[in-house]
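Only one structure is covered here, and it is reproduced in the block below.
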Amino acid sequence: MGNTAISLIPLNKLTISPKNVRKTPAKPEDDAELYASLKAIELKQNLLVHQAGDGFHVHGGGRRLRQLQKLAEEGHIAADEEVRCLVESEEEAEETSIAENVIRARMHPADEFVAFAELIDHGRSVEDVATRFGVTANLVLRRLKLGKVAPQVLDAYRAGELTQEAVMAFTLSNDHARQIEVLKAIEEGQLYSSHYTISRKFKEEAVAASSRLGVFVGIKAYKAAGGEVLEDLFSDGDSVLLKDSELLERLAQEKLEAIASEQSSGWKWTSAVLNFHRTDALEYGRVEPQKLDLDPDTQKELEALRERDAELKAFEGEWSEELLAEDRQVCARLEELEEFENNNVVFSAEQMSVAGFIAHIDQSGVAVFEKGLVRAEDVVADAPQECSDAEATDQDTAPVVAMTPPRMGDYQKVWGSSDKVAR
C-alpha cells in the first residue's frame, strides 16, 4: 500500500490520469449541475490521485477536476487553488478507479426528492437551490412536489411498486390522507397504477382554472374562499386545477347574481343562470330594442367603408400587397363599426316594465345578458276577457308593447332548472 494521506495539492498540478476507467463523458446537464454545486459550495469530496513526475494524475474524480479547471479558467477560483486529494500508489490507481465508478449505487430518486424538500423546509429559496445545483427553478419545484407526497407513496416507489410517472400523478393532491386512500385502492387491485388512472382519480371533481367558471371567478377569489388549488407541474396541458367544483359554482352564481342586480334597474325581472343555451330563450316572447342613430362622423365613416368594401369585392384585377393590406384594414374596421351599430340600441321604459333578462357566462368566462325576454305570465292578452271591475282597471292601465310571440313550452322546466342552479 502507498501513502494514503489527505494532501492539499494546487489545481494546476493535477491532470486526468490515463488509468481513469471512465471514458464516456457525462451528460451536459449533469456536468452543469456539478459545476453549479462546486461554484456555490466548493469541493466537499476529495479527489483520488497518484504521483506522476512533478504533478499528480487524478484517477478518481475526473468530472470534478474538469469543472474545477473550468471555474479557474473563468476566474472564479485561482489557478493554483489547493484541492483536497487522497494520494495513492500508481499500482492502486486503476483498481480504485474501477471501484469508484462501478461499485457504487446512485441515490434513489425518492431520496433525492425528499432531500430537495428538506432544503426548502430549512429555509432555502427555490432560486437558491436551483443556483446551487445548476438546475432550473421549475425542476426544483417538481422535485419539491415529489418530495412532499405521502411517505407511504414514496416507500411504494422505493419498493418498485410504483413508477416515477405514477408518483407524479399523486402530486395532484396535497392531502396525504387522500393520497393514501388512492394508494390503498391500487394495492387492493381496485385501481391501475398508471399515471393516467391515478391522475384521473384525483381530477374527478376538479375543474381547470382555464374553464369559463374558473376564469369568471378567478383563482384569487377561489383561494380567498378557502378553495384548494391543484397544480400539475408535470402536465403539458392545463396545469392548474380547482379541486372544489361545488365551491366554484357557488362563487360563480353569487358573482353572476351581483352583476345581474347591478343591471336590473327598470326591468320587470332578472335571472342569473350558470348553464344557459341560446335555445332556452325560445321559451320566451321578446321585445326588440330601438336602434339609435349614429353620430354623423361615425355614420359617414361606416358608409364610406361599406362603399369601399363593395369596390374591393368587385375588383377583378391583380391584387397587390397594398390592396391586400387595405382589404384587411377595411374588413376589420367595418366589422368593428357594424358591431357597434348593432349594439347601439335602447329598450324603452315600457318595454322594460314587461320584460327582463337572463345573465349568464359565455365560453370565454365573461358575463353576458340575454335582454328583452317576456315570460308567459307577463304577456298582455290581445282581446279583453270578462272580468271584475278591479281586474278591468288593472288591464286598462297595463302597458302594451310590440312583442315577438313566445314559443310556448314547458316554462316550469326552464325555471325549475335555473332555480336549481341558484340554490
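The chains in the C-alpha cells are called A, B, ... from first to last as shown; in each chain the residues are counted from 1, and the ligands are counted from 1 in the order shown.
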
DSSP strand (DSSP E) residues within region 174-372 of chain A, as number ranges by chain: A: 207-208, 229-231, 240-242, 269-272, 285-286, 290-291, 345-346, 356-361, 367-372

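The shell of residues at most 9 Å from Cys85 (chain A), with only C-alpha atoms counted and near chain neighbours (fewer than 5 positions) removed, consists of A:Ala5, A:Ile6, A:Ser7, A:Leu8, A:Ile9, A:Gln45, A:Asn46, A:Leu47, A:Leu48, A:Val49, A:Val58.
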
Close residues, Ala224 (chain A) itself excluded, 12 Å, only C-alpha atoms, min 6 positions apart in chain, as an MDAnalysis selection string: chainID A and resid 217:218 247:248 251

Interatomic distance (Å, one decimal) between CA of Gly55 (chain A) and CA of Leu43 (chain A):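 Straight-line distance from CA of Gly55 (chain A) to CA of Leu43 (chain A) works out to 19.8 Å.
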
Contact residues around region 197-200 of chain A with only C-alpha atoms at 10 Å, ignoring same-chain residues under 2 positions, as a short mmCIF file (atom, residue, chain, number, x, y, z; two decimals) with N, CA and C atoms, in the first residue's frame:
```
data_model
loop_
_atom_site.label_atom_id
_atom_site.label_comp_id
_atom_site.auth_asym_id
_atom_site.auth_seq_id
_atom_site.Cartn_x
_atom_site.Cartn_y
_atom_site.Cartn_z
N GLU A 165 -43.53 7.97 -12.87
CA GLU A 165 -44.67 8.64 -13.51
C GLU A 165 -45.92 8.53 -12.64
N ALA A 166 -46.08 7.38 -11.97
CA ALA A 166 -47.23 7.20 -11.09
C ALA A 166 -47.14 8.14 -9.89
N VAL A 167 -45.93 8.29 -9.34
CA VAL A 167 -45.74 9.20 -8.21
C VAL A 167 -46.06 10.63 -8.62
N MET A 168 -45.72 10.99 -9.85
CA MET A 168 -46.05 12.33 -10.35
C MET A 168 -47.54 12.59 -10.26
N ALA A 169 -48.35 11.57 -10.54
CA ALA A 169 -49.80 11.74 -10.50
C ALA A 169 -50.29 12.02 -9.09
N PHE A 170 -49.60 11.48 -8.08
CA PHE A 170 -50.01 11.71 -6.69
C PHE A 170 -49.84 13.16 -6.28
N THR A 171 -48.98 13.92 -6.97
CA THR A 171 -48.76 15.32 -6.60
C THR A 171 -49.97 16.19 -6.91
N LEU A 172 -50.97 15.65 -7.58
CA LEU A 172 -52.18 16.43 -7.88
C LEU A 172 -52.97 16.75 -6.62
N SER A 173 -52.70 16.03 -5.55
CA SER A 173 -53.36 16.31 -4.28
C SER A 173 -52.31 16.61 -3.22
N GLN A 179 -54.13 10.77 -0.68
CA GLN A 179 -53.10 10.03 -1.41
C GLN A 179 -53.03 8.58 -0.92
N VAL A 182 -55.93 6.53 -2.24
CA VAL A 182 -55.73 6.09 -3.63
C VAL A 182 -54.69 4.98 -3.68
N LEU A 183 -53.63 5.09 -2.87
CA LEU A 183 -52.60 4.05 -2.83
C LEU A 183 -53.19 2.71 -2.39
N ALA A 185 -56.24 1.75 -2.80
CA ALA A 185 -57.07 1.25 -3.91
C ALA A 185 -56.20 0.53 -4.93
N ILE A 186 -54.98 1.01 -5.13
CA ILE A 186 -54.03 0.36 -6.05
C ILE A 186 -53.58 -0.98 -5.46
N LEU A 191 -57.64 -0.20 -8.57
CA LEU A 191 -57.20 0.89 -9.45
C LEU A 191 -55.85 0.53 -10.06
N TYR A 192 -55.70 0.76 -11.37
CA TYR A 192 -54.42 0.54 -12.01
C TYR A 192 -53.41 1.58 -11.52
N SER A 193 -52.16 1.20 -11.53
CA SER A 193 -51.11 2.09 -11.01
C SER A 193 -50.49 2.96 -12.09
N SER A 194 -51.19 3.20 -13.18
CA SER A 194 -50.64 4.05 -14.24
C SER A 194 -50.85 5.52 -13.91
N HIS A 195 -50.04 6.37 -14.51
CA HIS A 195 -50.16 7.81 -14.30
C HIS A 195 -51.55 8.29 -14.71
N PHE A 202 -57.73 11.68 -9.13
CA PHE A 202 -57.61 12.94 -8.39
C PHE A 202 -58.37 14.07 -9.07
N LYS A 203 -58.55 13.96 -10.38
CA LYS A 203 -59.19 15.05 -11.13
C LYS A 203 -60.71 14.87 -11.26
N GLU A 204 -61.26 13.83 -10.64
CA GLU A 204 -62.68 13.52 -10.83
C GLU A 204 -63.59 14.72 -10.58
N GLU A 205 -63.33 15.49 -9.54
CA GLU A 205 -64.21 16.61 -9.20
C GLU A 205 -63.53 17.96 -9.44
N ALA A 206 -62.34 17.94 -9.97
CA ALA A 206 -61.61 19.20 -10.17
C ALA A 206 -62.01 19.86 -11.49
N ASP A 232 -50.60 20.84 -11.48
CA ASP A 232 -49.96 19.70 -12.14
C ASP A 232 -48.70 20.20 -12.86
#
```

Helix (DSSP H, G or I) per DSSP on the backbone: members of region 112-294 of chain A, as number ranges by chain: A: 112-121, 126-133, 137-147, 151-158, 164-170, 176-187, 195-202, 212-217, 219-224, 245-262, 278-283

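Ranking A:Lys184, A:His360, A:Arg63, A:His57 by their shortest atom-to-atom distance to Ala260 (chain A), with only C-alpha atoms included, puts A:His360 first.
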
Selection: 12 Å around region 254-257 of chain A, only C-alpha atoms, excl. self and same-chain fewer than 6 positions, as an MDAnalysis selection string: chainID A and resid 213 216:218 221:222 247:248 263:264 270:275 357:362 365:369 418 421:423

Take the selection from the previous step and output its residues with C-alpha atoms, as a short mmCIF file (atom, residue, chain, number, x, y, z; two decimals), in the first residue's frame.
```cif
data_model
loop_
_atom_site.label_atom_id
_atom_site.label_comp_id
_atom_site.auth_asym_id
_atom_site.auth_seq_id
_atom_site.Cartn_x
_atom_site.Cartn_y
_atom_site.Cartn_z
CA LEU A 213 -66.21 29.29 -14.49
CA PHE A 216 -65.08 34.14 -14.32
CA VAL A 217 -64.45 33.58 -10.60
CA GLY A 218 -60.65 33.87 -10.72
CA ALA A 221 -61.24 34.78 -5.23
CA TYR A 222 -61.46 30.97 -5.21
CA LEU A 247 -67.47 25.96 -4.16
CA LEU A 248 -66.54 27.24 -7.63
CA GLN A 263 -78.07 45.86 -14.26
CA SER A 264 -81.62 45.24 -13.02
CA THR A 270 -83.82 39.31 -13.85
CA SER A 271 -82.26 35.89 -13.51
CA ALA A 272 -78.68 34.63 -13.21
CA VAL A 273 -78.12 31.22 -14.82
CA LEU A 274 -74.74 29.42 -14.94
CA ASN A 275 -75.71 26.93 -17.64
CA PHE A 357 -83.12 39.46 -18.90
CA ILE A 358 -81.05 36.39 -18.15
CA ALA A 359 -77.44 36.89 -17.11
CA HIS A 360 -75.11 34.01 -17.98
CA ILE A 361 -71.44 33.27 -18.65
CA ASP A 362 -70.05 32.78 -22.14
CA GLY A 365 -65.66 33.43 -18.89
CA VAL A 366 -67.41 36.81 -19.36
CA ALA A 367 -70.87 37.75 -18.05
CA VAL A 368 -73.36 38.40 -20.87
CA PHE A 369 -77.05 39.32 -20.92
CA SER A 418 -82.38 27.82 -13.14
CA VAL A 421 -78.58 26.23 -10.07
CA ALA A 422 -79.37 29.21 -7.85
CA ARG A 423 -79.64 27.00 -4.80
#
```

All residues 12 Å or closer to Glu335 (chain A), only C-alpha atoms, same chain fewer than 4 positions away omitted, as a list in words: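 Counting only C-alpha atoms, the residues come to Leu302, Leu305, Arg306, Asp309, Arg328, Gln329, Val330, Cys331, Glu339, Phe340, Glu341 and Asn342 of chain A.
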
Print the selection's residues with C-alpha atoms to a file, as an mmCIF file, in the first residue's frame.
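In the end it all went to out19.cif:
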```cif
data_model
loop_
_atom_site.group_PDB
_atom_site.id
_atom_site.type_symbol
_atom_site.label_atom_id
_atom_site.label_comp_id
_atom_site.auth_asym_id
_atom_site.auth_seq_id
_atom_site.Cartn_x
_atom_site.Cartn_y
_atom_site.Cartn_z
ATOM 1 C CA LEU A 302 -69.456 53.498 -41.960
ATOM 2 C CA LEU A 305 -66.251 51.725 -45.598
ATOM 3 C CA ARG A 306 -69.232 49.841 -46.997
ATOM 4 C CA ASP A 309 -65.682 47.143 -49.280
ATOM 5 C CA ARG A 328 -57.771 43.597 -44.302
ATOM 6 C CA GLN A 329 -57.968 47.051 -42.707
ATOM 7 C CA VAL A 330 -61.350 47.832 -44.285
ATOM 8 C CA CYS A 331 -62.830 44.483 -43.187
ATOM 9 C CA GLU A 339 -70.891 45.514 -34.203
ATOM 10 C CA PHE A 340 -71.134 48.941 -32.560
ATOM 11 C CA GLU A 341 -74.139 49.795 -34.735
ATOM 12 C CA ASN A 342 -75.928 46.557 -33.813
#
```
